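Below is start_25.cif, holding mmCIF, C-alpha atoms.
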```cif
data_run
loop_
_atom_site.label_atom_id
_atom_site.label_comp_id
_atom_site.auth_asym_id
_atom_site.auth_seq_id
_atom_site.Cartn_x
_atom_site.Cartn_y
_atom_site.Cartn_z
CA MET A 1 2.31 7.04 -26.10
CA ILE A 2 3.91 5.97 -22.81
CA PRO A 3 0.95 5.24 -20.50
CA LEU A 4 1.05 4.95 -16.72
CA MET A 5 0.92 1.16 -17.26
CA LYS A 6 1.01 -1.13 -20.30
CA ASN A 7 0.04 -4.67 -19.34
CA ALA A 8 -2.25 -6.27 -16.80
CA PHE A 9 0.49 -8.73 -15.82
CA PHE A 10 4.25 -9.11 -15.98
CA HIS A 11 4.90 -11.94 -18.48
CA GLU A 12 1.47 -11.10 -19.91
CA ASP A 13 1.06 -13.87 -22.53
CA GLU A 14 2.18 -16.61 -20.17
CA ILE A 15 -0.15 -15.49 -17.39
CA ARG A 16 -3.15 -15.09 -19.72
CA GLN A 17 -2.68 -18.61 -21.07
CA ALA A 18 -2.36 -20.05 -17.58
CA LEU A 19 -5.48 -18.14 -16.46
CA ALA A 20 -7.51 -19.44 -19.39
CA ALA A 21 -6.50 -23.03 -18.59
CA PHE A 22 -7.31 -22.54 -14.91
CA ILE A 23 -10.79 -21.17 -15.63
CA LEU A 24 -11.58 -24.11 -17.91
CA LYS A 25 -10.57 -26.76 -15.37
CA ALA A 26 -11.38 -25.15 -11.98
CA ASN A 27 -14.18 -26.75 -9.97
CA ARG A 28 -14.58 -23.78 -7.65
CA PHE A 29 -14.14 -20.03 -8.08
CA SER A 30 -15.01 -18.77 -4.60
CA MET A 31 -12.23 -18.44 -2.00
CA ASP A 32 -10.48 -21.78 -1.47
CA SER A 33 -7.09 -23.51 -1.75
CA GLN A 34 -5.51 -21.16 -4.31
CA CYS A 35 -6.09 -18.22 -1.96
CA GLN A 36 -4.67 -20.15 0.99
CA GLU A 37 -1.55 -21.12 -0.95
CA PHE A 38 -1.02 -17.54 -2.10
CA GLU A 39 -1.31 -16.33 1.50
CA LYS A 40 1.33 -18.84 2.61
CA ALA A 41 3.70 -17.96 -0.24
CA PHE A 42 3.33 -14.20 0.30
CA ALA A 43 3.91 -14.45 4.06
CA ALA A 44 6.97 -16.68 3.53
CA TRP A 45 8.45 -14.27 0.94
CA HIS A 46 8.32 -11.53 3.58
CA GLY A 47 9.41 -13.74 6.47
CA MET A 48 6.12 -13.04 8.25
CA ARG A 49 3.84 -15.33 10.24
CA ASP A 50 0.52 -14.63 8.55
CA ALA A 51 -1.01 -13.14 5.42
CA VAL A 52 -4.73 -12.53 4.86
CA LEU A 53 -5.93 -12.12 1.27
CA VAL A 54 -8.81 -9.73 0.54
CA ASN A 55 -10.50 -8.32 -2.55
CA SER A 56 -8.57 -5.01 -2.76
CA GLY A 57 -5.91 -2.88 -1.11
CA SER A 58 -8.63 -0.48 0.03
CA SER A 59 -10.48 -3.35 1.71
CA ALA A 60 -7.21 -4.32 3.37
CA ASN A 61 -6.98 -0.89 4.98
CA LEU A 62 -10.55 -0.99 6.27
CA THR A 63 -10.14 -4.59 7.47
CA MET A 64 -7.03 -3.67 9.48
CA LEU A 65 -8.67 -0.77 11.27
CA GLN A 66 -11.91 -2.67 11.89
CA ALA A 67 -9.94 -5.55 13.41
CA LEU A 68 -8.12 -3.16 15.74
CA LYS A 69 -11.46 -1.65 16.77
CA ASN A 70 -13.09 -5.06 17.28
CA LEU A 71 -10.24 -6.09 19.60
CA GLY A 72 -10.49 -2.86 21.60
CA LEU A 73 -7.06 -1.65 20.52
CA LEU A 74 -8.64 1.45 18.96
CA HIS A 75 -11.76 3.27 20.14
CA VAL A 76 -14.13 5.91 18.78
CA GLY A 77 -12.46 9.30 19.05
CA ASP A 78 -8.88 8.00 19.12
CA LYS A 79 -6.45 10.13 17.15
CA VAL A 80 -4.96 8.19 14.23
CA GLY A 81 -2.05 9.80 12.42
CA PHE A 82 -1.47 9.07 8.76
CA SER A 83 0.93 10.07 5.99
CA ALA A 84 -0.67 13.15 4.45
CA LEU A 85 0.73 12.19 1.04
CA THR A 86 -1.40 9.12 0.55
CA TRP A 87 -4.28 7.43 -1.22
CA ALA A 88 -7.84 8.42 -0.27
CA THR A 89 -8.85 5.00 1.03
CA ASN A 90 -6.08 5.09 3.61
CA VAL A 91 -7.89 7.98 5.25
CA MET A 92 -11.52 7.04 4.63
CA PRO A 93 -11.54 4.07 7.08
CA ILE A 94 -10.22 6.36 9.80
CA ILE A 95 -13.23 8.61 9.25
CA GLN A 96 -15.72 5.77 8.66
CA LEU A 97 -14.80 4.06 11.93
CA GLN A 98 -15.08 7.36 13.85
CA PHE A 99 -11.45 7.83 14.72
CA GLU A 100 -9.97 11.32 14.47
CA PRO A 101 -7.64 11.68 11.45
CA VAL A 102 -4.36 13.53 12.00
CA PRO A 103 -2.31 14.15 8.81
CA VAL A 104 1.47 14.04 9.20
CA ASP A 105 3.64 16.05 6.83
CA CYS A 106 6.31 14.34 4.75
CA ASN A 107 9.89 15.06 3.74
CA ILE A 108 10.10 16.57 0.22
CA SER A 109 13.20 14.61 -0.80
CA THR A 110 12.06 11.19 0.44
CA LEU A 111 8.33 11.82 -0.32
CA ASN A 112 7.66 9.94 2.90
CA VAL A 113 7.07 10.67 6.56
CA MET A 114 10.37 10.49 8.43
CA ALA A 115 10.75 10.00 12.17
CA GLU A 116 11.41 13.73 12.60
CA ASN A 117 8.11 14.56 10.85
CA LEU A 118 6.26 12.23 13.20
CA GLU A 119 8.02 13.73 16.21
CA GLU A 120 6.93 17.23 15.10
CA THR A 121 3.30 16.07 15.09
CA LEU A 122 3.66 14.31 18.45
CA ALA A 123 4.98 17.54 19.98
CA HIS A 124 1.43 18.95 19.83
CA THR A 125 -0.86 15.93 19.26
CA LYS A 126 -1.03 12.61 21.11
CA LEU A 127 -1.67 9.72 18.71
CA LYS A 128 -3.08 6.28 19.43
CA ALA A 129 -1.93 4.91 16.05
CA PHE A 130 0.16 5.98 13.08
CA PHE A 131 -0.52 4.70 9.54
CA ALA A 132 2.51 5.24 7.28
CA THR A 133 2.29 5.15 3.48
CA ASN A 134 5.43 3.90 1.72
CA THR A 135 5.22 6.19 -1.29
CA LEU A 136 6.06 5.19 -4.88
CA GLY A 137 8.44 2.40 -3.86
CA LEU A 138 10.38 4.69 -1.56
CA ALA A 139 10.05 4.72 2.24
CA GLY A 140 10.76 6.70 5.35
CA ASP A 141 13.17 5.64 8.09
CA LEU A 142 10.75 2.95 9.20
CA ASP A 143 13.07 1.48 11.83
CA LYS A 144 13.23 4.85 13.58
CA ILE A 145 9.49 5.44 13.16
CA LYS A 146 8.82 2.03 14.68
CA ALA A 147 11.05 2.91 17.63
CA VAL A 148 9.23 6.22 18.18
CA CYS A 149 5.88 4.42 18.13
CA HIS A 150 7.10 1.70 20.48
CA ASP A 151 8.45 4.21 23.00
CA ARG A 152 5.17 6.14 23.04
CA GLY A 153 2.75 3.20 22.94
CA ILE A 154 1.52 4.05 19.43
CA ILE A 155 0.18 1.32 17.14
CA PHE A 156 2.28 1.39 13.97
CA LEU A 157 0.67 0.39 10.66
CA GLU A 158 2.03 0.39 7.11
CA ASP A 159 0.44 0.89 3.71
CA ASN A 160 2.93 -0.92 1.49
CA CYS A 161 0.76 -0.95 -1.63
CA GLU A 162 3.34 0.99 -3.67
CA ALA A 163 6.53 -0.50 -2.21
CA LEU A 164 6.24 -4.28 -2.47
CA GLY A 165 9.83 -5.56 -2.33
CA THR A 166 11.58 -2.40 -1.16
CA VAL A 167 14.31 -3.18 1.38
CA LEU A 168 15.88 -0.75 3.84
CA TYR A 169 19.60 -0.79 4.62
CA ASN A 170 19.01 -2.86 7.75
CA GLY A 171 17.97 -5.68 5.38
CA GLN A 172 14.28 -5.55 6.32
CA LYS A 173 11.53 -5.38 3.72
CA THR A 174 8.94 -2.62 3.88
CA GLY A 175 5.58 -3.99 4.98
CA THR A 176 7.21 -5.91 7.86
CA PHE A 177 7.81 -3.05 10.32
CA GLY A 178 4.22 -2.39 11.41
CA LEU A 179 1.85 -4.42 13.57
CA LEU A 180 -0.16 -4.73 10.35
CA ALA A 181 0.63 -3.83 6.75
CA SER A 182 -1.57 -3.59 3.67
CA PHE A 183 -0.72 -4.43 0.05
CA SER A 184 -2.55 -3.87 -3.24
CA PHE A 185 -2.58 -6.17 -6.26
CA PHE A 186 -4.52 -3.79 -8.48
CA VAL A 187 -3.66 -4.14 -12.14
CA ALA A 188 -1.11 -1.28 -12.11
CA HIS A 189 0.91 -2.61 -9.16
CA HIS A 190 4.05 -4.74 -8.88
CA LEU A 191 2.08 -7.96 -8.53
CA SER A 192 -1.27 -7.93 -10.32
CA THR A 193 -4.30 -10.07 -9.58
CA ILE A 194 -6.48 -7.51 -11.44
CA GLU A 195 -8.08 -6.57 -8.12
CA GLY A 196 -6.89 -7.81 -4.76
CA GLY A 197 -5.09 -6.95 -1.55
CA MET A 198 -3.22 -8.56 1.33
CA ILE A 199 -2.57 -7.90 5.02
CA LEU A 200 0.59 -9.08 6.77
CA THR A 201 0.99 -9.55 10.51
CA ASN A 202 3.00 -11.52 13.05
CA ASP A 203 0.21 -11.26 15.62
CA GLU A 204 -1.88 -14.46 15.86
CA GLU A 205 -4.88 -12.81 17.52
CA LEU A 206 -4.99 -10.10 14.86
CA GLY A 207 -4.68 -12.68 12.08
CA GLU A 208 -7.71 -14.47 13.53
CA MET A 209 -9.73 -11.25 13.79
CA LEU A 210 -8.74 -10.18 10.26
CA ARG A 211 -10.30 -13.40 8.95
CA LEU A 212 -13.49 -12.76 10.91
CA VAL A 213 -13.71 -9.22 9.55
CA ARG A 214 -13.02 -10.41 5.99
CA SER A 215 -15.89 -12.89 6.07
CA ASN A 216 -18.96 -11.24 7.57
CA GLY A 217 -17.83 -11.74 11.17
CA TRP A 218 -18.31 -15.52 11.08
CA ASP A 219 -15.77 -18.26 11.85
CA ARG A 220 -15.88 -20.41 8.70
CA ASN A 221 -12.37 -19.53 7.59
CA LEU A 222 -10.72 -20.02 10.98
CA ARG A 223 -8.77 -23.06 12.13
CA VAL A 224 -10.78 -25.68 14.03
CA GLU A 225 -9.31 -24.74 17.41
CA GLN A 226 -10.13 -21.07 16.76
CA GLN A 227 -13.69 -21.96 15.81
CA GLN A 228 -14.08 -23.95 19.00
CA LYS A 229 -12.83 -21.01 21.04
CA TRP A 230 -15.44 -18.64 19.61
CA ARG A 231 -18.27 -21.16 19.87
CA LYS A 232 -17.41 -21.94 23.48
CA LYS A 233 -17.21 -18.23 24.34
CA TYR A 234 -20.77 -17.64 23.07
CA ASN A 235 -22.13 -21.10 23.95
CA ILE A 236 -22.85 -22.08 20.35
CA GLN A 237 -23.34 -25.85 20.55
CA SER A 238 -25.11 -26.50 17.27
CA ASP A 239 -23.01 -26.99 14.12
CA LEU A 240 -26.00 -25.81 12.12
CA LEU A 241 -26.25 -22.52 14.02
CA ALA A 242 -22.48 -22.08 14.14
CA LYS A 243 -22.31 -21.69 10.36
CA TYR A 244 -24.48 -18.59 10.58
CA THR A 245 -23.30 -17.06 13.84
CA PHE A 246 -21.69 -13.63 13.45
CA TYR A 247 -19.27 -12.84 16.27
CA ASP A 248 -18.15 -9.30 15.48
CA LEU A 249 -18.41 -6.53 12.90
CA GLY A 250 -17.23 -7.54 9.46
CA TYR A 251 -17.71 -7.26 5.72
CA ASN A 252 -17.68 -9.47 2.66
CA PHE A 253 -14.13 -8.77 1.48
CA LYS A 254 -13.41 -12.32 0.35
CA PRO A 255 -11.27 -12.73 -2.78
CA THR A 256 -11.96 -15.28 -5.51
CA GLU A 257 -9.90 -18.32 -6.47
CA ILE A 258 -8.91 -16.38 -9.59
CA THR A 259 -7.27 -13.82 -7.30
CA GLY A 260 -5.35 -16.54 -5.48
CA PHE A 261 -4.35 -18.28 -8.70
CA LEU A 262 -3.05 -15.08 -10.31
CA GLY A 263 -1.11 -14.22 -7.17
CA LEU A 264 0.60 -17.60 -7.14
CA GLN A 265 1.40 -17.29 -10.84
CA GLN A 266 2.96 -13.86 -10.36
CA MET A 267 5.10 -14.70 -7.31
CA PRO A 268 7.90 -16.41 -9.32
CA PHE A 269 8.33 -13.25 -11.41
CA LEU A 270 8.33 -10.78 -8.52
CA SER A 271 12.09 -10.50 -8.01
CA GLU A 272 12.70 -10.00 -11.75
CA ASN A 273 9.96 -7.36 -11.86
CA ILE A 274 11.55 -5.46 -8.97
CA ARG A 275 15.05 -5.70 -10.47
CA ILE A 276 13.94 -4.12 -13.77
CA ARG A 277 11.97 -1.37 -12.04
CA GLU A 278 14.97 -0.51 -9.88
CA ALA A 279 17.30 -0.40 -12.89
CA ASN A 280 14.89 1.97 -14.67
CA TYR A 281 14.71 4.16 -11.58
CA HIS A 282 18.48 4.59 -11.36
CA LYS A 283 18.81 5.37 -15.08
CA LEU A 284 16.20 8.10 -14.79
CA LYS A 285 17.55 9.47 -11.52
CA LYS A 286 20.94 10.11 -13.16
CA ILE A 287 19.22 12.62 -15.45
CA VAL A 288 17.42 14.29 -12.53
CA LEU A 289 20.73 14.71 -10.68
CA GLN A 290 22.04 16.70 -13.65
CA ASN A 291 18.99 18.99 -13.80
CA MET A 292 18.91 21.96 -11.42
CA ASP A 293 15.18 22.44 -12.09
CA LEU A 294 14.31 19.22 -10.26
CA ILE A 295 14.60 17.95 -6.68
CA PRO A 296 16.15 14.45 -6.65
CA THR A 297 14.77 11.80 -4.37
CA ASP A 298 16.77 10.88 -1.26
CA ASP A 299 17.11 7.10 -1.08
CA VAL A 300 20.38 6.69 0.84
CA HIS A 301 18.61 4.67 3.56
CA ILE A 302 17.18 2.18 1.06
CA ALA A 303 19.06 -0.93 -0.16
CA THR A 304 16.53 -2.06 -2.81
CA ILE A 305 14.09 0.36 -4.42
CA SER A 306 11.04 -1.46 -5.75
CA SER A 307 10.02 1.54 -7.82
CA PHE A 308 6.28 1.84 -8.41
CA ALA A 309 6.47 5.04 -10.48
CA PHE A 310 9.00 7.81 -11.06
CA PRO A 311 8.42 11.13 -9.24
CA VAL A 312 9.15 14.50 -10.83
CA ILE A 313 9.41 17.22 -8.18
CA CYS A 314 10.08 20.67 -9.64
CA LYS A 315 11.46 23.61 -7.68
CA ASN A 316 8.42 25.78 -8.42
CA LYS A 317 4.99 25.75 -10.09
CA ASN A 318 6.18 27.41 -13.30
CA LEU A 319 8.76 24.70 -13.85
CA LEU A 320 6.12 22.03 -13.33
CA GLY A 321 4.07 23.66 -16.06
CA TYR A 322 7.05 23.51 -18.42
CA TYR A 323 7.73 19.82 -17.77
CA LEU A 324 4.06 18.90 -18.05
CA LYS A 325 4.13 20.37 -21.56
CA GLN A 326 7.27 18.36 -22.31
CA PHE A 327 5.58 15.14 -21.24
CA ALA A 328 2.43 15.97 -23.19
CA LYS A 329 4.40 16.64 -26.41
CA ALA A 330 6.21 13.32 -26.03
CA GLY A 331 3.02 11.37 -25.35
CA VAL A 332 3.93 10.53 -21.76
CA GLU A 333 0.99 10.07 -19.40
CA VAL A 334 1.55 11.70 -16.01
CA ARG A 335 -0.54 12.22 -12.88
CA SER A 336 -0.40 14.02 -9.56
CA VAL A 337 1.55 12.40 -6.72
CA ILE A 338 -0.98 9.91 -5.29
CA SER A 339 -3.96 12.02 -4.06
CA GLY A 340 -2.00 15.25 -3.66
CA ASN A 341 -2.74 17.28 -0.54
CA ILE A 342 -5.32 15.11 1.20
CA GLN A 343 -6.72 18.06 3.15
CA ALA A 344 -7.79 19.65 -0.16
CA GLN A 345 -9.89 16.62 -1.15
CA PRO A 346 -13.69 17.22 -1.08
CA PHE A 347 -14.46 14.15 1.05
CA TYR A 348 -11.90 15.25 3.64
CA LYS A 349 -13.25 18.79 3.88
CA LYS A 350 -16.78 17.43 4.24
CA TYR A 351 -16.05 15.20 7.22
CA VAL A 352 -13.00 16.69 8.95
CA ALA A 353 -13.17 20.13 10.52
CA SER A 354 -9.60 20.41 11.79
CA GLU A 355 -6.75 21.45 9.51
CA TYR A 356 -3.02 20.98 10.01
CA HIS A 357 -0.03 22.84 8.58
CA LEU A 358 1.44 20.61 5.86
CA PRO A 359 3.91 22.77 3.90
CA ASN A 360 5.85 19.91 2.31
CA VAL A 361 2.79 18.02 1.11
CA ALA A 362 1.38 21.30 -0.22
CA PHE A 363 4.63 21.89 -2.12
CA ILE A 364 4.58 18.41 -3.67
CA ASN A 365 0.91 18.91 -4.56
CA ASP A 366 1.73 22.15 -6.42
CA CYS A 367 5.12 21.24 -7.92
CA GLY A 368 5.11 17.49 -8.46
CA CYS A 369 3.83 14.71 -10.70
CA TYR A 370 4.86 11.20 -11.66
CA PHE A 371 4.94 8.86 -14.65
CA GLY A 372 4.82 5.08 -14.77
CA ASN A 373 7.79 2.80 -14.20
CA TYR A 374 7.31 -0.84 -15.17
CA PRO A 375 9.28 -3.71 -16.76
CA GLU A 376 7.69 -3.21 -20.20
CA LEU A 377 9.38 0.17 -20.73
CA THR A 378 11.61 -0.18 -23.81
CA ASP A 379 15.00 1.44 -24.40
CA ALA A 380 13.21 3.90 -26.70
CA ASP A 381 10.69 4.67 -23.95
CA LEU A 382 13.49 5.33 -21.47
CA GLU A 383 15.24 7.65 -23.94
CA THR A 384 12.00 9.59 -24.36
CA LEU A 385 11.61 9.89 -20.59
CA LYS A 386 15.23 10.97 -20.18
CA ASN A 387 14.73 13.69 -22.80
CA CYS A 388 11.63 14.92 -20.98
CA LEU A 389 13.59 15.10 -17.71
CA SER A 390 16.47 17.04 -19.21
CA ALA A 391 16.96 20.69 -18.28
CA CYS A 392 15.15 23.49 -20.15
#
```
This entry written out as structure tokens:
Amino acid sequence: MIPLMKNAFFHEDEIRQALAAFILKANRFSMDSQCQEFEKAFAAWHGMRDAVLVNSGSSANLTMLQALKNLGLLHVGDKVGFSALTWATNVMPIIQLQFEPVPVDCNISTLNVMAENLEETLAHTKLKAFFATNTLGLAGDLDKIKAVCHDRGIIFLEDNCEALGTVLYNGQKTGTFGLLASFSFFVAHHLSTIEGGMILTNDEELGEMLRLVRSNGWDRNLRVEQQQKWRKKYNIQSDLLAKYTFYDLGYNFKPTEITGFLGLQQMPFLSENIRIREANYHKLKKIVLQNMDLIPTDDVHIATISSFAFPVICKNKNLLGYYLKQFAKAGVEVRSVISGNIQAQPFYKKYVASEYHLPNVAFINDCGCYFGNYPELTDADLETLKNCLSAC
């Protein structure tokens, strides 16, 4: 059996032993210094000003959009575009916060929204924000997308949950192009804290608001000068009352010290993890390039591919059926590409009346799947996967 994932952590035994020792000696398990140190290390690794740790990647998405709404950068009824090939909880916050969701079709070969796809949507729909998903460790032409958004006054956001460590040919890491970017540390991702998520930004005001949103709308996790600003604004003069004053809409999305500890423990292994995933990706892609049944991924604009999983895009439905049988016979676990066509999801149909033409996402939904790519894949595993990808 080759499952979608094998271990909870890269360097599993070492991390488990370190976690056990930490739990035995830790004096505090609620959010504290380990979380703060992880935030600093993660921001520095990306060359970004600020990182805000939360309890999941899904919470990161909701926190970002709530912060933008709290600051008046987004309003009820604003049209928010999003990559139509995405995870459900990228779209749900758009609906929950009463923005209007606008799905944007992707490119079949890159599996991502490209600037030309965004331009096609903007030709008939004016967007206030665009939320790109960097799919399966690949990415669109984010520099061009950022330029389009800048020229049109569109807030650009990234979901980088599946592409931690991917670098475009301009030398810039994914997750650093948008005003805000979300990351997931769920157990199956590049860096695992079991559950957990992060938000990156270079905007100081947004970093401050993200921390308010994360912690019930209060100021306890802000710097002293930031606390003083909020207390002065609302004339809160009592330290006793200040601890339980709620300044804006928020949630309890705080992580635990275990989350912060595991993140710090995994950071030293991140580059090695990415290197192995990328090597696996290129070995498997060589087989796809020799198989006329399959559509190879286009990654010419990417310098480093931090592969999350390996996509299999067939040229028609019948071929997908054949390859699904091949994977099943070999004991390879596969799944649909993220959430498939988001417009076909029950929650989306329930809450969104409008429907957009998304031919490429529909094609990927009907003709595509993926299997796991992770450092624990053995040479025997890779041979099995290569055999499954070989032509009929």
Q: To verify the selection step, state as a list in words which residues the PyMOL selection byres ((chain A and resi 219) around 10) yields on this input.
A: Glu208, Met209, Arg211, Leu212, Val213, Ser215, Asn216, Gly217, Trp218, Arg220, Asn221, Leu222, Arg223, Val224, Gln226, Gln227, Gln228, Trp230, Arg231, Ala242, Lys243, Tyr244, Thr245, Phe246, Tyr247 and Asp248 of chain A
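Among the candidates A:Glu355, A:Glu119, A:Asp151, A:Glu39, the residue lying nearest to A:Thr201 is A:Glu39 (atoms considered: all atoms listed in the file).
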Q: For the structure provided, state which residues fall under the PyMOL selection byres ((chain A and resi 56) around 9), and present them as an MDAnalysis selection string.
A: chainID A and resid 53:55 57:61 183:186 195:198 253 255
Q. Taking only C-alpha atoms into account, which of A:Ala129, A:Val361, A:Ile287, A:Leu241 comes nearest A:Ile94?
A. A:Ala129
Spatial neighbours of A:Cys369, 12 Å, only C-alpha atoms, chain gap at least 4 places, as a JSON list (two decimals) with C-alpha atoms, in the coordinates of the input:
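And here is the file that came out, selection.json:
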```
[["chain", "number", "residue", "atom", "x", "y", "z"],
["A", 4, "LEU", "CA", 1.05, 4.95, -16.72],
["A", 111, "LEU", "CA", 8.33, 11.82, -0.32],
["A", 136, "LEU", "CA", 6.06, 5.19, -4.88],
["A", 294, "LEU", "CA", 14.31, 19.22, -10.26],
["A", 295, "ILE", "CA", 14.60, 17.95, -6.68],
["A", 309, "ALA", "CA", 6.47, 5.04, -10.48],
["A", 310, "PHE", "CA", 9.00, 7.81, -11.06],
["A", 311, "PRO", "CA", 8.42, 11.13, -9.24],
["A", 312, "VAL", "CA", 9.15, 14.50, -10.83],
["A", 313, "ILE", "CA", 9.41, 17.22, -8.18],
["A", 314, "CYS", "CA", 10.08, 20.67, -9.64],
["A", 317, "LYS", "CA", 4.99, 25.75, -10.09],
["A", 319, "LEU", "CA", 8.76, 24.70, -13.85],
["A", 320, "LEU", "CA", 6.12, 22.03, -13.33],
["A", 321, "GLY", "CA", 4.07, 23.66, -16.06],
["A", 323, "TYR", "CA", 7.73, 19.82, -17.77],
["A", 324, "LEU", "CA", 4.06, 18.90, -18.05],
["A", 327, "PHE", "CA", 5.58, 15.14, -21.24],
["A", 332, "VAL", "CA", 3.93, 10.53, -21.76],
["A", 333, "GLU", "CA", 0.99, 10.07, -19.40],
["A", 334, "VAL", "CA", 1.55, 11.70, -16.01],
["A", 335, "ARG", "CA", -0.54, 12.22, -12.88],
["A", 336, "SER", "CA", -0.40, 14.02, -9.56],
["A", 337, "VAL", "CA", 1.55, 12.40, -6.72],
["A", 338, "ILE", "CA", -0.98, 9.91, -5.29],
["A", 339, "SER", "CA", -3.96, 12.02, -4.06],
["A", 340, "GLY", "CA", -2.00, 15.25, -3.66],
["A", 363, "PHE", "CA", 4.63, 21.89, -2.12],
["A", 364, "ILE", "CA", 4.58, 18.41, -3.67],
["A", 365, "ASN", "CA", 0.91, 18.91, -4.56]]
```
(Q) Which residues would end up in the selection if the PyMOL selection byres ((chain A and resi 266-272) around 12) were applied here, given that I need the answer as a PyMOL selection string? (A) chain A and resi 8-12+14-16+18-19+37-46+164-166+185+187+189-194+259-265+273-279+304-306+374-376
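Nearest to A:Tyr370 of all the residues A:Leu168, A:Leu385, A:Val352, A:Val80 is A:Leu385, based on all atoms listed in the file.
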Could you pull stretch 359-371 of chain A out of the block above and give me C-alpha atoms, as a PDB file, in the first residue's frame?
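Saved result, selection_15.pdb, follows:
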```pdb
ATOM      1  CA  PRO A 359     -14.241  24.546 -18.583  1.00  0.00           C
ATOM      2  CA  ASN A 360     -10.689  23.832 -17.423  1.00  0.00           C
ATOM      3  CA  VAL A 361     -11.618  23.148 -13.807  1.00  0.00           C
ATOM      4  CA  ALA A 362     -14.471  20.945 -15.038  1.00  0.00           C
ATOM      5  CA  PHE A 363     -12.000  19.013 -17.202  1.00  0.00           C
ATOM      6  CA  ILE A 364      -9.589  18.481 -14.298  1.00  0.00           C
ATOM      7  CA  ASN A 365     -12.519  17.420 -12.111  1.00  0.00           C
ATOM      8  CA  ASP A 366     -13.547  14.758 -14.654  1.00  0.00           C
ATOM      9  CA  CYS A 367     -10.119  13.624 -15.882  1.00  0.00           C
ATOM     10  CA  GLY A 368      -7.705  14.130 -13.008  1.00  0.00           C
ATOM     11  CA  CYS A 369      -6.530  12.721  -9.694  1.00  0.00           C
ATOM     12  CA  TYR A 370      -3.384  12.782  -7.590  1.00  0.00           C
ATOM     13  CA  PHE A 371      -1.309  10.556  -5.331  1.00  0.00           C
TER      14      PHE A 371
END
```
